[in-house]
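Next comes work.cif, a file with mmCIF, C-alpha atoms.
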```
data_structure
#
loop_
_atom_site.label_atom_id
_atom_site.label_comp_id
_atom_site.auth_asym_id
_atom_site.auth_seq_id
_atom_site.Cartn_x
_atom_site.Cartn_y
_atom_site.Cartn_z
CA MET A 1 18.51 4.63 7.91
CA ILE A 2 14.88 5.62 7.59
CA SER A 3 14.41 9.28 6.86
CA ASN A 4 11.93 11.54 8.57
CA VAL A 5 8.54 12.44 7.24
CA CYS A 6 8.92 14.99 4.51
CA GLY A 7 6.61 17.01 2.37
CA LEU A 8 4.85 20.31 2.08
CA GLU A 9 2.08 21.36 4.49
CA GLY A 10 1.88 17.91 6.06
CA ILE A 11 1.62 15.97 2.80
CA VAL A 12 3.95 12.99 2.69
CA VAL A 13 5.79 12.92 -0.65
CA ILE A 14 6.87 9.50 -1.93
CA SER A 15 9.71 9.08 -4.40
CA PHE A 16 10.02 5.72 -6.12
CA GLN A 17 13.43 4.07 -6.30
CA SER A 18 14.44 1.40 -8.80
CA ILE A 19 13.83 -2.26 -8.03
CA GLU A 20 17.40 -2.81 -9.24
CA HIS A 21 18.70 -0.80 -6.28
CA MET A 22 16.32 -2.45 -3.83
CA THR A 23 17.26 -6.00 -4.77
CA GLY A 24 20.84 -5.62 -5.93
CA THR A 25 22.54 -4.17 -2.85
CA GLU A 26 23.41 -5.57 0.54
CA TRP A 27 21.72 -3.86 3.47
CA PRO A 28 23.98 -3.03 6.45
CA GLY A 29 22.02 -4.35 9.41
CA HIS A 30 18.40 -4.06 10.48
CA SER A 31 15.99 -1.25 9.75
CA ARG A 32 14.67 -0.12 13.10
CA LEU A 33 10.91 -0.01 13.42
CA GLU A 34 9.31 1.76 16.38
CA ARG A 35 5.74 1.42 17.54
CA ASN A 36 3.16 3.85 16.17
CA VAL A 37 5.35 4.49 13.12
CA VAL A 38 4.53 3.32 9.60
CA HIS A 39 7.41 3.03 7.13
CA LEU A 40 6.66 3.51 3.43
CA TRP A 41 8.75 2.23 0.53
CA GLY A 42 8.14 3.29 -3.07
CA ILE A 43 9.58 1.10 -5.85
CA GLU A 44 9.72 1.45 -9.63
CA LEU A 45 9.24 -1.99 -11.17
CA ASP A 46 11.81 -1.40 -13.89
CA GLY A 47 14.04 -4.41 -13.36
CA SER A 48 16.34 -6.09 -15.87
CA SER A 49 16.12 -9.77 -16.78
CA GLN A 50 18.78 -10.49 -14.15
CA CYS A 51 16.73 -8.66 -11.52
CA LEU A 52 13.61 -10.52 -12.61
CA GLY A 53 15.36 -13.87 -12.23
CA ARG A 54 16.68 -12.90 -8.81
CA CYS A 55 13.20 -11.91 -7.61
CA ALA A 56 11.61 -15.06 -9.08
CA GLN A 57 13.93 -17.23 -6.99
CA TRP A 58 12.70 -15.59 -3.81
CA LEU A 59 8.99 -16.26 -4.36
CA ASP A 60 7.20 -19.11 -2.62
CA THR A 61 5.08 -21.75 -4.36
CA GLU A 62 1.84 -19.78 -4.05
CA GLU A 63 3.37 -16.64 -5.53
CA GLN A 64 4.95 -18.56 -8.38
CA TYR A 65 1.59 -20.15 -9.15
CA ARG A 66 -0.18 -16.77 -9.17
CA ALA A 67 2.48 -15.31 -11.44
CA ARG A 68 2.10 -18.17 -13.97
CA ARG A 69 -1.66 -17.63 -14.10
CA LEU A 70 -1.31 -14.04 -15.33
CA ILE A 71 -1.99 -13.90 -19.06
CA HIS A 72 0.13 -10.93 -20.12
CA GLU A 73 3.92 -11.10 -19.87
CA GLU A 74 4.21 -7.54 -18.56
CA ASP A 75 1.75 -8.34 -15.76
CA ARG A 76 3.80 -11.41 -14.83
CA ARG A 77 7.03 -9.37 -14.80
CA ARG A 78 5.56 -6.68 -12.60
CA TYR A 79 4.03 -9.23 -10.21
CA VAL A 80 7.37 -11.01 -9.76
CA LEU A 81 9.30 -7.76 -9.35
CA ALA A 82 6.76 -6.34 -6.87
CA HIS A 83 6.74 -9.44 -4.69
CA GLY A 84 10.50 -9.76 -4.92
CA GLY A 85 10.74 -6.13 -3.84
CA LEU A 86 8.42 -6.85 -0.91
CA ARG A 87 10.72 -9.63 0.28
CA ALA A 88 13.74 -7.35 -0.13
CA VAL A 89 12.06 -4.74 2.09
CA LEU A 90 10.94 -7.24 4.75
CA SER A 91 14.42 -8.77 4.86
CA ARG A 92 15.73 -5.45 6.17
CA TYR A 93 13.51 -5.73 9.24
CA LEU A 94 13.89 -9.47 9.80
CA GLY A 95 17.66 -9.59 9.38
CA VAL A 96 17.63 -12.42 6.83
CA GLY A 97 18.11 -12.66 3.09
CA PRO A 98 15.07 -12.01 0.85
CA GLY A 99 15.01 -15.65 -0.20
CA VAL A 100 14.65 -16.73 3.43
CA VAL A 101 11.70 -14.45 4.24
CA GLU A 102 8.76 -16.70 5.12
CA LEU A 103 5.19 -15.53 4.47
CA CYS A 104 1.93 -17.20 5.48
CA ARG A 105 -1.65 -16.28 4.57
CA ASP A 106 -4.69 -15.99 6.81
CA GLU A 107 -8.17 -17.32 6.10
CA VAL A 108 -8.95 -14.46 3.70
CA GLY A 109 -5.62 -14.70 1.89
CA LYS A 110 -3.86 -11.74 3.52
CA PRO A 111 -0.12 -12.46 3.81
CA PHE A 112 1.73 -12.07 7.10
CA VAL A 113 5.10 -12.87 8.63
CA PRO A 114 4.71 -15.84 11.01
CA ARG A 115 5.66 -15.11 14.60
CA LYS A 116 8.48 -17.69 14.59
CA SER A 117 10.26 -15.66 11.88
CA GLN A 118 10.01 -12.32 13.64
CA GLY A 119 12.11 -12.75 16.75
CA GLN A 120 10.97 -10.08 19.17
CA SER A 121 9.30 -7.93 16.50
CA LEU A 122 5.66 -7.97 15.41
CA ILE A 123 6.01 -7.01 11.79
CA ARG A 124 2.86 -6.08 9.87
CA PHE A 125 2.90 -5.03 6.23
CA ASN A 126 0.83 -4.38 3.15
CA MET A 127 1.62 -3.75 -0.51
CA SER A 128 -0.09 -2.23 -3.52
CA HIS A 129 1.29 -2.24 -7.06
CA ALA A 130 -0.13 -0.62 -10.17
CA HIS A 131 1.15 0.42 -13.60
CA GLY A 132 4.81 -0.29 -12.94
CA ARG A 133 5.02 0.97 -9.36
CA ALA A 134 4.80 -0.66 -5.94
CA LEU A 135 4.12 0.94 -2.57
CA ILE A 136 4.85 -0.99 0.63
CA ALA A 137 3.85 -0.11 4.20
CA VAL A 138 5.51 -1.75 7.22
CA SER A 139 4.56 -1.32 10.87
CA GLN A 140 5.12 -2.98 14.21
CA GLY A 141 2.23 -4.48 16.11
CA GLN A 142 -0.62 -2.78 14.24
CA GLU A 143 -2.40 -3.75 11.06
CA VAL A 144 -1.71 -1.43 8.16
CA GLY A 145 -3.13 -1.05 4.66
CA VAL A 146 -1.91 0.83 1.61
CA ASP A 147 -3.27 1.50 -1.86
CA LEU A 148 -1.77 3.08 -4.97
CA GLU A 149 -3.66 3.95 -8.16
CA ARG A 150 -2.97 5.85 -11.35
CA ILE A 151 -5.74 8.32 -12.13
CA ARG A 152 -7.63 7.24 -15.25
CA SER A 153 -10.24 9.14 -17.20
CA ASP A 154 -11.67 6.06 -18.95
CA ILE A 155 -13.82 4.91 -16.03
CA GLU A 156 -17.48 5.71 -15.40
CA VAL A 157 -16.99 7.81 -12.28
CA VAL A 158 -20.64 8.70 -11.80
CA LYS A 159 -21.93 5.12 -12.03
CA LEU A 160 -19.16 3.63 -9.92
CA SER A 161 -19.34 6.22 -7.16
CA GLU A 162 -23.12 5.92 -6.99
CA ARG A 163 -22.87 2.14 -6.69
CA TYR A 164 -19.89 1.71 -4.36
CA PHE A 165 -19.45 4.93 -2.40
CA ALA A 166 -21.34 6.47 0.50
CA THR A 167 -24.14 8.87 -0.45
CA SER A 168 -22.18 11.88 0.81
CA GLU A 169 -19.09 10.92 -1.22
CA HIS A 170 -21.09 10.51 -4.41
CA ALA A 171 -22.83 13.85 -3.81
CA LEU A 172 -19.49 15.65 -3.38
CA ILE A 173 -18.15 14.12 -6.59
CA MET A 174 -21.24 15.27 -8.48
CA GLN A 175 -20.63 18.85 -7.33
CA LEU A 176 -17.26 18.89 -9.12
CA THR A 177 -16.49 19.67 -12.73
CA GLU A 178 -15.91 16.83 -15.19
CA GLU A 179 -12.14 17.33 -14.97
CA GLN A 180 -12.16 17.19 -11.17
CA ARG A 181 -14.28 14.07 -10.76
CA ALA A 182 -11.76 11.33 -11.65
CA PRO A 183 -9.02 12.61 -9.27
CA ARG A 184 -11.53 12.89 -6.40
CA PHE A 185 -12.95 9.44 -7.20
CA PHE A 186 -9.50 7.86 -6.98
CA ARG A 187 -8.69 9.80 -3.81
CA TYR A 188 -11.72 8.28 -2.14
CA TRP A 189 -10.92 4.88 -3.66
CA VAL A 190 -7.34 4.62 -2.35
CA ALA A 191 -8.44 5.77 1.11
CA LYS A 192 -11.19 3.16 1.27
CA GLU A 193 -9.00 0.40 -0.18
CA ALA A 194 -6.27 1.13 2.36
CA VAL A 195 -8.76 0.67 5.21
CA LEU A 196 -10.23 -2.53 3.74
CA LYS A 197 -6.81 -4.02 3.04
CA ALA A 198 -5.60 -3.24 6.55
CA GLN A 199 -8.36 -5.45 7.94
CA GLY A 200 -8.34 -7.99 5.11
CA ILE A 201 -11.89 -7.26 3.92
CA GLY A 202 -12.96 -7.28 0.29
CA LEU A 203 -14.54 -4.60 -1.87
CA GLN A 204 -18.05 -5.51 -0.74
CA ALA A 205 -17.47 -3.21 2.25
CA LEU A 206 -16.67 -0.11 0.17
CA GLN A 207 -19.98 1.53 1.05
CA GLN A 208 -19.58 0.72 4.73
CA CYS A 209 -16.77 3.17 5.34
CA GLU A 210 -17.21 6.87 4.65
CA ILE A 211 -14.13 9.01 4.04
CA LEU A 212 -14.05 12.55 5.42
CA LEU A 213 -11.25 14.36 3.62
CA GLY A 214 -9.39 16.99 5.63
CA ALA A 215 -8.97 20.57 4.49
CA GLU A 216 -5.19 20.15 4.18
CA ARG A 217 -5.55 17.00 2.03
CA ALA A 218 -3.12 15.10 4.28
CA ASP A 219 -5.38 13.27 6.74
CA ALA A 220 -8.80 11.72 6.37
CA GLU A 221 -11.22 10.42 8.97
CA VAL A 222 -13.14 7.19 8.49
CA LEU A 223 -16.75 6.67 9.56
CA VAL A 224 -17.81 3.02 9.80
CA SER A 225 -21.45 2.05 9.31
CA GLU A 226 -23.29 0.37 12.17
CA GLY A 227 -23.18 -3.38 11.76
CA SER A 228 -20.20 -3.24 9.43
CA PRO A 229 -17.51 -5.94 9.76
CA LEU A 230 -14.96 -3.12 9.75
CA HIS A 231 -13.43 -2.11 13.05
CA SER A 232 -13.76 1.52 14.11
CA ASN A 233 -11.17 4.21 14.85
CA TRP A 234 -9.36 4.11 11.50
CA ARG A 235 -7.24 6.98 10.24
CA VAL A 236 -6.00 7.53 6.70
CA ARG A 237 -2.95 9.45 5.53
CA LEU A 238 -3.07 10.61 1.90
CA LEU A 239 0.24 10.46 0.04
CA ALA A 240 1.69 12.47 -2.83
CA CYS A 241 3.18 10.21 -5.53
CA GLY A 242 3.45 12.63 -8.43
CA GLU A 243 0.99 14.03 -10.94
CA GLY A 244 -1.56 11.50 -12.10
CA TRP A 245 -1.35 9.26 -9.03
CA GLU A 246 -3.28 8.84 -5.78
CA ALA A 247 -2.17 6.81 -2.76
CA ALA A 248 -3.10 6.35 0.88
CA VAL A 249 -2.04 4.43 3.97
CA ALA A 250 -4.38 3.44 6.81
CA ALA A 251 -4.00 2.19 10.39
CA GLN A 252 -6.09 2.24 13.54
CA GLY A 253 -5.84 5.08 16.01
CA ALA A 254 -4.71 8.67 15.55
CA ASP A 255 -1.28 8.61 17.24
CA TRP A 256 0.76 6.99 14.45
CA VAL A 257 3.08 8.80 12.08
CA VAL A 258 4.50 8.06 8.64
CA GLN A 259 8.16 7.83 7.70
CA CYS A 260 9.67 7.02 4.31
CA GLY A 261 12.23 4.49 3.20
CA PRO A 262 15.86 5.55 2.64
CA ALA A 263 15.20 7.01 -0.81
CA GLY A 264 11.47 7.34 -0.37
CA CYS A 265 11.19 11.08 0.24
#
```
Exercise: express the given structure as structure tokens:
Amino acid sequence: MISNVCGLEGIVVISFQSIEHMTGTEWPGHSRLERNVVHLWGIELDGSSQCLGRCAQWLDTEEQYRARRLIHEEDRRRYVLAHGGLRAVLSRYLGVGPGVVELCRDEVGKPFVPRKSQGQSLIRFNMSHAHGRALIAVSQGQEVGVDLERIRSDIEVVKLSERYFATSEHALIMQLTEEQRAPRFFRYWVAKEAVLKAQGIGLQALQQCEILLGAERADAEVLVSEGSPLHSNWRVRLLACGEGWEAAVAAQGADWVVQCGPAGC
């Protein structure tokens, strides 16, 4: 079963379950996915060697090639576990084993489930993984994007926000104290990345969407610059993933809601 939205004052709280649990148990039937609902799955990429081998068997040729190209062993492990976890999640909606899940990629490289594999469903999904965690969003019939980042203090917030963010966003960051700037920078970053990933557009469009953070920290509006390749009418939901993390999910329209995976809240 998928649990209801949970959290305090409208903030969706994500708990991350072990990849061992996600990939090592049989799932009893399909996960039901209704329209205008986005399901979120949080995964800790803490798998054993057996789990790693299981996930590696599920990957397609393109994923295996990308994993081999990663220089550091830990990066390769996390890539394989994250993409194996993605297939384990999608298998719950498609009613097939993770190793049978078929993924294709569009002209910009964004993966999708081909229509022939979906039956009557129109599954859309997106994944972000960082520093040993993965966050997956699944929806029906609407493009969705998700981003997850660990807050770091070793980045040049002032220079990066001035270069890549809207003028108003940079100005608001500059009004904050030194300690407050990095968390706000990453809050803007995950919101923007979620919107760009939903549409399959690269980082060159970061300045072309302006994030208006809500007073309750849960929702954010998106303003799209005139002439931008981005579609309009995006909405972002900010997510709570524990101290030191920022995450967001984005979809078009304002009438969609977020629900969490079985152990995700």
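The closest residue to A:Ala88, picked from A:Arg184, A:Lys159, A:Lys110, A:His21 and counting all atoms listed in the file, is A:His21.
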Test item: residues at most 9 Å from A:Leu223, all atoms listed in the file, excluding those fewer than 6 positions along its chain, as a PyMOL selection string: chain A and resi 208-212+232-234
Excluding A:Val157 and any residue of its chain fewer than 2 positions from it, enumerate the residues within 10 Å of it, using all atoms listed in the file, and give them as an NGL selection string. :A and (152-155 or 159-163 or 170 or 173-174 or 178 or 181-186)
Convert the current residue selection to file output with C-alpha atoms, as a CSV table (one decimal), in the coordinates of the input.
```csv
chain,number,residue,atom,x,y,z
A,152,ARG,CA,-7.6,7.2,-15.2
A,153,SER,CA,-10.2,9.1,-17.2
A,154,ASP,CA,-11.7,6.1,-19.0
A,155,ILE,CA,-13.8,4.9,-16.0
A,159,LYS,CA,-21.9,5.1,-12.0
A,160,LEU,CA,-19.2,3.6,-9.9
A,161,SER,CA,-19.3,6.2,-7.2
A,162,GLU,CA,-23.1,5.9,-7.0
A,163,ARG,CA,-22.9,2.1,-6.7
A,170,HIS,CA,-21.1,10.5,-4.4
A,173,ILE,CA,-18.2,14.1,-6.6
A,174,MET,CA,-21.2,15.3,-8.5
A,178,GLU,CA,-15.9,16.8,-15.2
A,181,ARG,CA,-14.3,14.1,-10.8
A,182,ALA,CA,-11.8,11.3,-11.6
A,183,PRO,CA,-9.0,12.6,-9.3
A,184,ARG,CA,-11.5,12.9,-6.4
A,185,PHE,CA,-13.0,9.4,-7.2
A,186,PHE,CA,-9.5,7.9,-7.0
```
Between atom CA of A:Met127 and atom CA of A:Val146, measure the distance and give it in Å to one decimal.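 Atom-to-atom, atom CA of A:Met127 and atom CA of A:Val146 are spaced 6.2 Å apart.
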Selected by the PyMOL selection byres ((chain A and resi 249) around 9) in the shown coordinates: which residues, as JSON, numbers by chain? {"A": [38, 40, 137, 144, 145, 146, 147, 190, 191, 194, 195, 198, 235, 236, 237, 238, 239, 247, 248, 250, 251, 258]}
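The space between atom CA of A:Ser91 and atom CA of A:Gln199 spans 23.2 Å.
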Taken to one decimal, the atom CA of A:Cys51-atom CA of A:Leu90 distance is 17.3 Å
Quick one: residues within 7 Å of A:Phe112, all atoms listed in the file counted, chain neighbours fewer than 4 positions away excluded, as a PyMOL selection string? chain A and resi 103-105+124
What would the list of residues within 12 Å of (16.3, 4.8, -12.2) (file frame) look like as a list in words, if only C-alpha atoms are what count?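 I get Ser15, Phe16, Gln17, Ser18, Ile19, Glu20, His21, Met22, Ile43, Glu44, Leu45, Asp46, Gly47, Ser48 and Ala263 of chain A for the residues within 12 Å of that point.
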Choose the residue, out of A:Tyr164, A:Ser31, A:Ile14, A:Gln64, that has the smallest atom-to-atom separation from A:Cys241; count only C-alpha atoms. A:Ile14
Nearest to A:Asp219: which of A:Ala130, A:Leu148, A:Ala240, A:Ala171 is it, counting all atoms listed in the file?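 When distances to A:Asp219 are compared using all atoms listed in the file, the smallest one comes from A:Ala240.
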Selection under test: the PyMOL selection byres ((chain A and resi 52) around 12); residues as a list in words: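 Checked against the file, the PyMOL selection byres ((chain A and resi 52) around 12) matches Ile19, Glu20, Thr23, Gly24, Leu45, Asp46, Gly47, Ser48, Ser49, Gln50, Cys51, Gly53, Arg54, Cys55, Ala56, Gln57, Trp58, Leu59, Glu74, Arg76, Arg77, Arg78, Tyr79, Val80, Leu81, Ala82, His83, Gly84 and Gly85 of chain A.
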Residues in the PyMOL selection byres ((chain A and resi 41) around 7), expressed as a ChimeraX atom specification: /A:39-40,42-43,135-137,260-261,264
Hey, which of A:Leu94, A:Arg133, A:Glu179, A:Gln252 ends up closest to A:Arg115? Count only C-alpha atoms. A:Leu94
Nearest to A:Gly200: which of A:Glu156, A:Asp106, A:Asp75, A:Glu226 is it, counting all atoms listed in the file? A:Asp106
Selected residue of minimal separation from A:Trp256 among A:Val89, A:His131, A:Ile11, A:Gln142, counting all atoms listed in the file: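 Of A:Val89, A:His131, A:Ile11, A:Gln142, the one nearest A:Trp256, counting all atoms listed in the file, is A:Gln142.
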